[in-house]
Amino acid sequence: MDLHEVQSQLVDWLSEASYQFQKVPGSAVLIRYVRSSYQNDPVRSAIELILVIFFIRYLLSPSYSTSKQNFIKLTEDEIDELVDEWVPEPLVSPQTSLEEIESEKLPILVGPTGPKSKLANGKTVTNLASYNFYNLNANEQIKEKAIQTLRTYGVGPCGPPQFYGTQDVHMKTEADIASYLGTEGCIVYAQAFSTISSVIPAFCKRGDVIIADRAVNYSIRKGLEVSRSNIKWYNHGDMQDLERVMQKVVQEQARKKLTRRFIVTEALFEATGDISDLPKLIELKEKYKFRIILDETWSFGVLGRTGRGLTEAQNVDPTQLDMIVGSLAGPLCAGGGFCAGPKDVVEHQRISAASYTFSAALPAMLAMIASESLNVLQSNPEILLQCRENIKAMRGQLDPRSDWVMCTSAPENPIMVLVLKPEVVKARRLAVEDQERLLQECVDESLANGVLITRLKGMPVSTSNGLKDGIWIVQPALKVCVTSGLSKKEIEKAGTTIRHAITKVMTRKTNNKLGLPSA
C-alpha cells in the first residue's frame with residue numbers, strides 16, 4: 001500500500017467518524033463551539049484540549065504509585081528477630097487486685113439455697129444474697145410437682161422450640177403467664193439474660209429509633225447493640241427529658257420516611273432499685289406514637305398485690321404495652337425468661353428471635369416450676385405481704401440509722417441497693433475503685449459475722465462506640481436481698497450485723513482516706 005492509498009483510507013475513516021459523531025444528539029452544538037473558539041482564540045482551544053486530556057488521564061490512572069515499592073525489604077535474620085520479639089495480645093485482661101481477692105473469698109454453698117445456707121467451710125450463714133424472696137425453693141408443693149415432671153419428661157427437651165423441642169408443659173406455662181399478666185399471648189425463652197437481648201433485635205432494625213433510659217441493665221444494652229438501631233438516651237427516670245428527646249425525634253422525622261420508634265426501659269431498675277413512672281410513659285407513648293418494650297425482669301413476681309409487676313402496682317392495663325419482658329429465674333425459683341404481649345408480637349418471635357430459635361427449649365421441670373410458683377403467689381398473696389414487712393424491718397436497720405450508706409431502692413423492692421452517701425464520697429474523695437474496695441470489705445466483714453450479702457456487679461456500661469453516652473456511670477453498691485423465709489426478729493438482727501460491719505470497715509484508719517475525720 002503506497003502513501004496515496006494510506007491518505008485515502010485515512011480520509012475515509014475520518015469522514016465515517018465525522019458522520020457517526022454528527023448523529024450524536026448535541027454534536028452540532030459542540031462542533032460550532034469548537035470552530036468558533038478556534039477562530040476567535042486558538043490558544044484557549046489548545047489549553048482546553050490539554051485539560052481534557054489531563055482529566056481523562058487522571059480518571060484512568062491508579063490512586064497509588066505502581067512503580068515504587070511501599071515496603072521495606074527485611075533480611076531473614078531481621079524477620080526471625082521480629083517473630084521472636086512479638087507478644088500476642090491476651091484473650092482477657094489480667095484480674096485486678098480486687099477481683100483476685102474476691103475470687104479467692106468466693107463463698108460456695110453446699111446443699112439447697114435458703115434463708116439459712118451452709119457454706120463449703122462448714123459455716124451456716126443467713127443468706128441475703130439470693131433472689132429466693134419467698135422461699136419457694138423449699139415449698140413442698142412445688143418440689144413434689146418438680147419430681148413428678150422430672151420422672152415424666154426427663155431432664156431436658158434435647159432440641160430447640162418450635163421445631164422438635166416444644167412440649168405441652170411449655171405451652172401450659174406460656175398460657176399461665178399470659179393469663180396471669182392479662183395479655184393475649186406469651187413466649188417462653190430458655191435463658192433469662194438472652195430474652196430481652198433477643199427480643200429487641202427481633203423487632204428493631206437498622207434505621208429504627210430507640211429511646212432508652214441511661215440506667216438500663218447490661219442485657220438491654222446488648223440488645224440495643226445487636227439491633228444496630230439509632231439509639232437516643234434520656235436521663236434516668238426523668239420524664240421531662242424523655243419528652244424532650246421524643247419531640248426532637250418527631251421533628252427530625254417530620255419530612256423523612258416514617259420509621260419505627262421504641263421506648264425501652266426497666267420497670268424496676270437493676271442498677272438503682274427504683275421504679276419507672278409507667279402511666280407517664282403510656283401518656284407519652286400515645287402522644288408521640290411510640291412503642292414500649294418494658295423489662296420486668298426484677299419486678300415480675302415482686303410488685304403489685306399478687307406480684308403481677310409494675311402494671312398491677314400502678315394500675316395500668318397491660319394491653320397498653322407492646323411487649324412485657326420478664327424472668328422466671330428470680331423469685332419464681334425456676335429458669336428462663338418470657339415475653340408477653342399481642343399474639344402477632346409473640347408469634348413473630350418464634351422464628352425471628354435468635355435465642356429462642358437457636359437454643360434448646362426450657363427443661364420441662366423448670367417450666368412446670370414456673371407455672372406452679374405463679375399458682376402459689378396467686379393463691380397466697382400474704383407471702384408478698386410478709387416479704388414487704390421484712391423489707392420495712394431491714395430498711396429500718398440500715399437506711400436511716402447508718403451514717404455511711406443510703407438505700408436507692410423503691411420501698412417495695414426486696415433487693416436493697418445500698419450506696420455510700422454523697423457526703424462520704426465527697427469528704428473522703430473516693431474514686432469508683434475505692435468505693436468498690438470498701439464495699440467488698442463490707443461484704444467480707446458481714447460474712448465473717450454470719451450474714452451473706454453481695455455487691456452490685458455488672459459489665460461495663462457499653463462496649464460499643466454507638467452506645468456510649470459518656471454520662472451514665474453505675475455507682476458501686478451493696479445488694480441485700482430480703483426474704484420472707486426469715487422472721488422479723490431474724491431480719492432485724494441481720495440488718496444490725498450489716499450496719500455494724502459497714503461502720504467497722506468505714507472507721508478503720510486504713511480506710512480513712514487522707515486522714516479525714518471518721519464522722
# chains A, B, ... in the order shown; residues from 1 in each chain; ligands from 1
call {"tool": "select_by_dssp", "arguments": {"residues": "stretch 221-427 of chain A", "states": "helix (DSSP H, G or I)", "output": "PyMOL selection string"}}
result
chain A and resi 221-227+239-252+278-288+310-313+318-320+343-352+354-357+364-379+382-398+422-427
call {"tool": "residues_around", "arguments": {"residues": "A:Thr126", "least_positions_apart": "5", "cutoff": "6 Å", "atoms": "only C-alpha atoms", "output": "PyMOL selection string"}}
result
chain A and resi 115-116+451-452
call {"tool": "closest_residue", "arguments": {"among": "A:Arg221, A:Arg32, A:Arg388, A:Lys256", "to": "A:Gly304", "atoms": "only C-alpha atoms"}}
result
A:Arg388
call {"tool": "select_by_dssp", "arguments": {"residues": "stretch 280-410 of chain A", "states": "strand (DSSP E or B)", "output": "PDB file with N, CA and C atoms, in the first residue's frame"}}
result
ATOM      1  N   ARG A 291     -43.675   2.868  70.476  1.00  0.00           N
ATOM      2  CA  ARG A 291     -43.977   1.576  71.083  1.00  0.00           C
ATOM      3  C   ARG A 291     -43.127   1.426  72.343  1.00  0.00           C
ATOM      4  N   ILE A 292     -43.614   0.639  73.309  1.00  0.00           N
ATOM      5  CA  ILE A 292     -42.884   0.459  74.570  1.00  0.00           C
ATOM      6  C   ILE A 292     -42.483  -1.006  74.735  1.00  0.00           C
ATOM      7  N   ILE A 293     -41.199  -1.226  75.018  1.00  0.00           N
ATOM      8  CA  ILE A 293     -40.698  -2.534  75.454  1.00  0.00           C
ATOM      9  C   ILE A 293     -40.297  -2.373  76.916  1.00  0.00           C
ATOM     10  N   LEU A 294     -41.051  -3.024  77.803  1.00  0.00           N
ATOM     11  CA  LEU A 294     -40.834  -2.877  79.241  1.00  0.00           C
ATOM     12  C   LEU A 294     -40.173  -4.132  79.794  1.00  0.00           C
ATOM     13  N   ASP A 295     -39.025  -3.969  80.419  1.00  0.00           N
ATOM     14  CA  ASP A 295     -38.306  -5.087  81.029  1.00  0.00           C
ATOM     15  C   ASP A 295     -38.728  -5.223  82.495  1.00  0.00           C
ATOM     16  N   MET A 323     -44.770  -4.816  74.549  1.00  0.00           N
ATOM     17  CA  MET A 323     -44.066  -6.022  74.976  1.00  0.00           C
ATOM     18  C   MET A 323     -43.700  -5.913  76.454  1.00  0.00           C
ATOM     19  N   ILE A 324     -43.949  -6.986  77.194  1.00  0.00           N
ATOM     20  CA  ILE A 324     -43.533  -7.100  78.592  1.00  0.00           C
ATOM     21  C   ILE A 324     -42.561  -8.266  78.674  1.00  0.00           C
ATOM     22  N   VAL A 325     -41.336  -7.981  79.062  1.00  0.00           N
ATOM     23  CA  VAL A 325     -40.291  -8.997  79.143  1.00  0.00           C
ATOM     24  C   VAL A 325     -39.973  -9.240  80.609  1.00  0.00           C
ATOM     25  N   GLY A 326     -39.800 -10.508  80.976  1.00  0.00           N
ATOM     26  CA  GLY A 326     -39.518 -10.822  82.374  1.00  0.00           C
ATOM     27  C   GLY A 326     -38.686 -12.075  82.528  1.00  0.00           C
ATOM     28  N   SER A 327     -38.364 -12.370  83.777  1.00  0.00           N
ATOM     29  CA  SER A 327     -37.530 -13.525  84.113  1.00  0.00           C
ATOM     30  C   SER A 327     -38.322 -14.506  84.968  1.00  0.00           C
ATOM     31  N   GLY A 337     -36.838 -17.085  80.637  1.00  0.00           N
ATOM     32  CA  GLY A 337     -37.494 -15.786  80.608  1.00  0.00           C
ATOM     33  C   GLY A 337     -38.716 -15.847  79.714  1.00  0.00           C
ATOM     34  N   PHE A 338     -39.413 -14.724  79.582  1.00  0.00           N
ATOM     35  CA  PHE A 338     -40.619 -14.699  78.761  1.00  0.00           C
ATOM     36  C   PHE A 338     -40.802 -13.315  78.153  1.00  0.00           C
ATOM     37  N   CYS A 339     -41.617 -13.273  77.104  1.00  0.00           N
ATOM     38  CA  CYS A 339     -42.072 -12.018  76.516  1.00  0.00           C
ATOM     39  C   CYS A 339     -43.570 -12.140  76.278  1.00  0.00           C
ATOM     40  N   ALA A 340     -44.344 -11.253  76.884  1.00  0.00           N
ATOM     41  CA  ALA A 340     -45.795 -11.277  76.769  1.00  0.00           C
ATOM     42  C   ALA A 340     -46.278 -10.056  76.009  1.00  0.00           C
ATOM     43  N   GLY A 341     -47.384 -10.224  75.279  1.00  0.00           N
ATOM     44  CA  GLY A 341     -47.936  -9.121  74.508  1.00  0.00           C
ATOM     45  C   GLY A 341     -48.983  -9.614  73.536  1.00  0.00           C
ATOM     46  N   VAL A 405     -24.213   4.684 104.507  1.00  0.00           N
ATOM     47  CA  VAL A 405     -24.877   4.246 103.283  1.00  0.00           C
ATOM     48  C   VAL A 405     -26.320   4.726 103.255  1.00  0.00           C
ATOM     49  N   MET A 406     -26.869   4.755 102.044  1.00  0.00           N
ATOM     50  CA  MET A 406     -28.273   5.091 101.845  1.00  0.00           C
ATOM     51  C   MET A 406     -28.851   4.114 100.832  1.00  0.00           C
ATOM     52  N   CYS A 407     -30.159   3.871 100.927  1.00  0.00           N
ATOM     53  CA  CYS A 407     -30.827   2.914 100.051  1.00  0.00           C
ATOM     54  C   CYS A 407     -31.506   3.668  98.907  1.00  0.00           C
TER      55      CYS A 407
END
call {"tool": "residues_around", "arguments": {"residues": "A:Met171", "least_positions_apart": "5", "cutoff": "9 Å", "atoms": "only C-alpha atoms", "output": "ChimeraX atom specification"}}
result
/A:166,176,187-188
call {"tool": "closest_residue", "arguments": {"among": "A:Ile56, A:Gln191, A:Ser198, A:Ile79", "to": "A:Arg350", "atoms": "only C-alpha atoms"}}
result
A:Ser198
call {"tool": "residues_around", "arguments": {"residues": "A:Leu374", "least_positions_apart": "5", "cutoff": "12 Å", "atoms": "only C-alpha atoms", "output": "PDB file with N, CA and C atoms, in the first residue's frame"}}
result
ATOM      1  N   TYR A 134     -39.346 -15.481  98.462  1.00  0.00           N
ATOM      2  CA  TYR A 134     -40.494 -16.077  99.161  1.00  0.00           C
ATOM      3  C   TYR A 134     -40.208 -17.502  99.628  1.00  0.00           C
ATOM      4  N   LEU A 136     -39.654 -20.050  97.980  1.00  0.00           N
ATOM      5  CA  LEU A 136     -40.347 -21.066  97.183  1.00  0.00           C
ATOM      6  C   LEU A 136     -39.435 -22.234  96.864  1.00  0.00           C
ATOM      7  N   ILE A 142     -44.356 -27.331  95.377  1.00  0.00           N
ATOM      8  CA  ILE A 142     -43.586 -27.117  94.147  1.00  0.00           C
ATOM      9  C   ILE A 142     -42.572 -28.234  93.947  1.00  0.00           C
ATOM     10  N   THR A 173     -47.192 -23.306  80.376  1.00  0.00           N
ATOM     11  CA  THR A 173     -46.522 -22.204  81.076  1.00  0.00           C
ATOM     12  C   THR A 173     -46.774 -20.883  80.367  1.00  0.00           C
ATOM     13  N   GLU A 174     -46.694 -20.884  79.036  1.00  0.00           N
ATOM     14  CA  GLU A 174     -46.975 -19.658  78.276  1.00  0.00           C
ATOM     15  C   GLU A 174     -48.405 -19.185  78.497  1.00  0.00           C
ATOM     16  N   ALA A 175     -49.345 -20.122  78.509  1.00  0.00           N
ATOM     17  CA  ALA A 175     -50.743 -19.752  78.747  1.00  0.00           C
ATOM     18  C   ALA A 175     -50.940 -19.241  80.167  1.00  0.00           C
ATOM     19  N   ASP A 176     -50.249 -19.846  81.128  1.00  0.00           N
ATOM     20  CA  ASP A 176     -50.380 -19.414  82.530  1.00  0.00           C
ATOM     21  C   ASP A 176     -49.849 -17.999  82.726  1.00  0.00           C
ATOM     22  N   ILE A 177     -48.707 -17.692  82.108  1.00  0.00           N
ATOM     23  CA  ILE A 177     -48.123 -16.349  82.252  1.00  0.00           C
ATOM     24  C   ILE A 177     -49.010 -15.309  81.579  1.00  0.00           C
ATOM     25  N   ALA A 178     -49.512 -15.618  80.381  1.00  0.00           N
ATOM     26  CA  ALA A 178     -50.388 -14.685  79.670  1.00  0.00           C
ATOM     27  C   ALA A 178     -51.651 -14.412  80.481  1.00  0.00           C
ATOM     28  N   SER A 179     -52.224 -15.462  81.064  1.00  0.00           N
ATOM     29  CA  SER A 179     -53.416 -15.291  81.898  1.00  0.00           C
ATOM     30  C   SER A 179     -53.105 -14.495  83.160  1.00  0.00           C
ATOM     31  N   TYR A 180     -51.942 -14.759  83.744  1.00  0.00           N
ATOM     32  CA  TYR A 180     -51.520 -14.081  84.975  1.00  0.00           C
ATOM     33  C   TYR A 180     -51.341 -12.584  84.738  1.00  0.00           C
ATOM     34  N   LEU A 181     -50.736 -12.227  83.601  1.00  0.00           N
ATOM     35  CA  LEU A 181     -50.470 -10.821  83.294  1.00  0.00           C
ATOM     36  C   LEU A 181     -51.664 -10.123  82.644  1.00  0.00           C
ATOM     37  N   PHE A 300     -41.313  -8.596  88.052  1.00  0.00           N
ATOM     38  CA  PHE A 300     -42.281  -9.680  87.886  1.00  0.00           C
ATOM     39  C   PHE A 300     -42.197 -10.616  89.092  1.00  0.00           C
ATOM     40  N   GLY A 301     -43.341 -10.831  89.732  1.00  0.00           N
ATOM     41  CA  GLY A 301     -43.373 -11.629  90.953  1.00  0.00           C
ATOM     42  C   GLY A 301     -43.038 -10.830  92.192  1.00  0.00           C
ATOM     43  N   VAL A 302     -42.843  -9.514  92.049  1.00  0.00           N
ATOM     44  CA  VAL A 302     -42.426  -8.671  93.170  1.00  0.00           C
ATOM     45  C   VAL A 302     -43.417  -7.536  93.418  1.00  0.00           C
ATOM     46  N   THR A 306     -50.540  -9.102  93.849  1.00  0.00           N
ATOM     47  CA  THR A 306     -50.283 -10.529  93.641  1.00  0.00           C
ATOM     48  C   THR A 306     -49.005 -10.771  92.846  1.00  0.00           C
ATOM     49  N   GLY A 307     -48.143  -9.758  92.744  1.00  0.00           N
ATOM     50  CA  GLY A 307     -46.856  -9.939  92.087  1.00  0.00           C
ATOM     51  C   GLY A 307     -46.883  -9.877  90.580  1.00  0.00           C
ATOM     52  N   ARG A 308     -47.934  -9.296  90.003  1.00  0.00           N
ATOM     53  CA  ARG A 308     -48.026  -9.244  88.540  1.00  0.00           C
ATOM     54  C   ARG A 308     -47.089  -8.213  87.925  1.00  0.00           C
ATOM     55  N   LEU A 328     -38.058 -15.787  84.747  1.00  0.00           N
ATOM     56  CA  LEU A 328     -38.638 -16.848  85.571  1.00  0.00           C
ATOM     57  C   LEU A 328     -37.607 -17.405  86.547  1.00  0.00           C
ATOM     58  N   PRO A 331     -37.598 -14.735  91.740  1.00  0.00           N
ATOM     59  CA  PRO A 331     -38.460 -15.164  92.842  1.00  0.00           C
ATOM     60  C   PRO A 331     -39.266 -16.415  92.544  1.00  0.00           C
ATOM     61  N   LEU A 332     -39.470 -16.768  91.245  1.00  0.00           N
ATOM     62  CA  LEU A 332     -40.217 -17.981  90.921  1.00  0.00           C
ATOM     63  C   LEU A 332     -39.379 -19.243  91.078  1.00  0.00           C
ATOM     64  N   CYS A 333     -38.070 -19.079  91.286  1.00  0.00           N
ATOM     65  CA  CYS A 333     -37.162 -20.212  91.535  1.00  0.00           C
ATOM     66  C   CYS A 333     -37.168 -21.223  90.395  1.00  0.00           C
ATOM     67  N   ALA A 334     -37.404 -20.775  89.154  1.00  0.00           N
ATOM     68  CA  ALA A 334     -37.397 -21.673  88.003  1.00  0.00           C
ATOM     69  C   ALA A 334     -36.194 -21.345  87.128  1.00  0.00           C
ATOM     70  N   ALA A 367     -40.181 -25.358  83.494  1.00  0.00           N
ATOM     71  CA  ALA A 367     -41.430 -24.767  83.018  1.00  0.00           C
ATOM     72  C   ALA A 367     -42.570 -25.061  83.993  1.00  0.00           C
ATOM     73  N   MET A 368     -42.630 -26.285  84.497  1.00  0.00           N
ATOM     74  CA  MET A 368     -43.675 -26.646  85.448  1.00  0.00           C
ATOM     75  C   MET A 368     -43.497 -25.896  86.768  1.00  0.00           C
ATOM     76  N   ILE A 369     -42.240 -25.702  87.203  1.00  0.00           N
ATOM     77  CA  ILE A 369     -41.987 -24.954  88.443  1.00  0.00           C
ATOM     78  C   ILE A 369     -42.483 -23.519  88.303  1.00  0.00           C
ATOM     79  N   SER A 379     -52.614 -17.759  94.901  1.00  0.00           N
ATOM     80  CA  SER A 379     -53.457 -18.314  95.958  1.00  0.00           C
ATOM     81  C   SER A 379     -53.015 -17.892  97.358  1.00  0.00           C
ATOM     82  N   ASN A 380     -51.778 -17.374  97.488  1.00  0.00           N
ATOM     83  CA  ASN A 380     -51.268 -16.968  98.803  1.00  0.00           C
ATOM     84  C   ASN A 380     -50.610 -15.589  98.716  1.00  0.00           C
ATOM     85  N   PRO A 381     -51.377 -14.539  98.472  1.00  0.00           N
ATOM     86  CA  PRO A 381     -50.779 -13.192  98.363  1.00  0.00           C
ATOM     87  C   PRO A 381     -50.173 -12.703  99.675  1.00  0.00           C
TER      88      PRO A 381
END
call {"tool": "closest_residue", "arguments": {"among": "A:Val169, A:Ile351, A:Ala410, A:Glu184", "to": "A:Ala267", "atoms": "only C-alpha atoms"}}
result
A:Ala410
call {"tool": "residues_around", "arguments": {"residues": "A:Arg455", "least_positions_apart": "3", "cutoff": "12 Å", "atoms": "only C-alpha atoms", "output": "VMD selection string"}}
result
chain A and resid 102 128 to 130 271 415 to 419 435 to 444 446 452 458 475 to 481
call {"tool": "residues_around", "arguments": {"residues": "stretch 204-217 of chain A", "least_positions_apart": "3", "cutoff": "8 Å", "atoms": "only C-alpha atoms", "output": "ChimeraX atom specification"}}
result
/A:200-201,220-221,227-237,242,245-246,259-266,269-272,472,474
call {"tool": "closest_residue", "arguments": {"among": "A:Val155, A:Leu106, A:Leu486, A:Val11", "to": "A:Gln386", "atoms": "only C-alpha atoms"}}
result
A:Leu486
call {"tool": "decode", "arguments": {"residues": "stretch 301-313 of chain A", "atoms": "all heavy atoms", "output": "CSV table (one decimal), in the first residue's frame"}}
result
chain,number,residue,atom,x,y,z
A,301,GLY,N,-43.3,-10.8,89.7
A,301,GLY,CA,-43.4,-11.6,91.0
A,301,GLY,C,-43.0,-10.8,92.2
A,301,GLY,O,-43.0,-11.4,93.3
A,302,VAL,N,-42.8,-9.5,92.0
A,302,VAL,CA,-42.4,-8.7,93.2
A,302,VAL,C,-43.4,-7.5,93.4
A,302,VAL,O,-43.9,-7.4,94.5
A,302,VAL,CB,-41.0,-8.1,92.9
A,302,VAL,CG1,-40.7,-7.0,93.9
A,302,VAL,CG2,-40.0,-9.2,92.9
A,303,LEU,N,-43.7,-6.7,92.4
A,303,LEU,CA,-44.6,-5.6,92.6
A,303,LEU,C,-46.0,-6.0,92.4
A,303,LEU,O,-46.3,-6.9,91.7
A,303,LEU,CB,-44.2,-4.5,91.6
A,303,LEU,CG,-42.8,-3.9,91.7
A,303,LEU,CD1,-42.5,-2.8,90.6
A,303,LEU,CD2,-42.5,-3.4,93.1
A,304,GLY,N,-46.9,-5.2,93.0
A,304,GLY,CA,-48.3,-5.4,92.8
A,304,GLY,C,-48.9,-6.3,94.0
A,304,GLY,O,-48.1,-7.0,94.6
A,305,ARG,N,-50.2,-6.3,94.1
A,305,ARG,CA,-50.8,-7.1,95.2
A,305,ARG,C,-50.5,-8.6,95.1
A,305,ARG,O,-50.3,-9.3,96.1
A,305,ARG,CB,-52.3,-6.8,95.2
A,305,ARG,CG,-53.0,-7.4,96.4
A,305,ARG,CD,-54.5,-7.2,96.4
A,305,ARG,NE,-55.1,-8.0,95.3
A,305,ARG,CZ,-55.4,-9.3,95.4
A,305,ARG,NH1,-55.3,-9.9,96.6
A,305,ARG,NH2,-56.0,-10.0,94.4
A,306,THR,N,-50.5,-9.1,93.8
A,306,THR,CA,-50.3,-10.5,93.6
A,306,THR,C,-49.0,-10.8,92.8
A,306,THR,O,-48.8,-11.9,92.3
A,306,THR,CB,-51.5,-11.2,92.9
A,306,THR,OG1,-51.7,-10.5,91.7
A,306,THR,CG2,-52.7,-11.1,93.7
A,307,GLY,N,-48.1,-9.8,92.7
A,307,GLY,CA,-46.9,-9.9,92.1
A,307,GLY,C,-46.9,-9.9,90.6
A,307,GLY,O,-45.9,-10.3,89.9
A,308,ARG,N,-47.9,-9.3,90.0
A,308,ARG,CA,-48.0,-9.2,88.5
A,308,ARG,C,-47.1,-8.2,87.9
A,308,ARG,O,-47.0,-8.1,86.7
A,308,ARG,CB,-49.5,-9.0,88.1
A,308,ARG,CG,-50.4,-10.2,88.3
A,308,ARG,CD,-51.8,-9.8,87.9
A,308,ARG,NE,-52.7,-11.0,87.8
A,308,ARG,CZ,-53.3,-11.6,88.8
A,308,ARG,NH1,-53.1,-11.2,90.0
A,308,ARG,NH2,-54.0,-12.7,88.6
A,309,GLY,N,-46.4,-7.4,88.7
A,309,GLY,CA,-45.5,-6.5,88.2
A,309,GLY,C,-45.9,-5.0,88.3
A,309,GLY,O,-46.9,-4.7,89.0
A,310,LEU,N,-45.2,-4.2,87.5
A,310,LEU,CA,-45.5,-2.8,87.5
A,310,LEU,C,-46.9,-2.4,87.0
A,310,LEU,O,-47.5,-1.4,87.5
A,310,LEU,CB,-44.4,-2.1,86.7
A,310,LEU,CG,-44.4,-0.5,86.8
A,310,LEU,CD1,-44.1,-0.1,88.2
A,310,LEU,CD2,-43.3,0.1,85.9
A,311,THR,N,-47.4,-3.2,86.1
A,311,THR,CA,-48.8,-2.9,85.6
A,311,THR,C,-49.8,-3.0,86.7
A,311,THR,O,-50.7,-2.1,86.8
A,311,THR,CB,-49.1,-3.8,84.4
A,311,THR,OG1,-49.0,-5.2,84.9
A,311,THR,CG2,-48.2,-3.5,83.2
A,312,GLU,N,-49.7,-4.0,87.5
A,312,GLU,CA,-50.6,-4.1,88.7
A,312,GLU,C,-50.3,-3.1,89.7
A,312,GLU,O,-51.2,-2.5,90.3
A,312,GLU,CB,-50.5,-5.5,89.2
A,312,GLU,CG,-51.5,-5.8,90.4
A,312,GLU,CD,-51.4,-7.2,91.0
A,312,GLU,OE1,-50.2,-7.6,91.1
A,312,GLU,OE2,-52.4,-7.8,91.3
A,313,ALA,N,-49.1,-2.8,90.0
A,313,ALA,CA,-48.7,-1.9,91.1
A,313,ALA,C,-49.2,-0.5,90.8
A,313,ALA,O,-49.6,0.3,91.7
A,313,ALA,CB,-47.2,-1.9,91.3
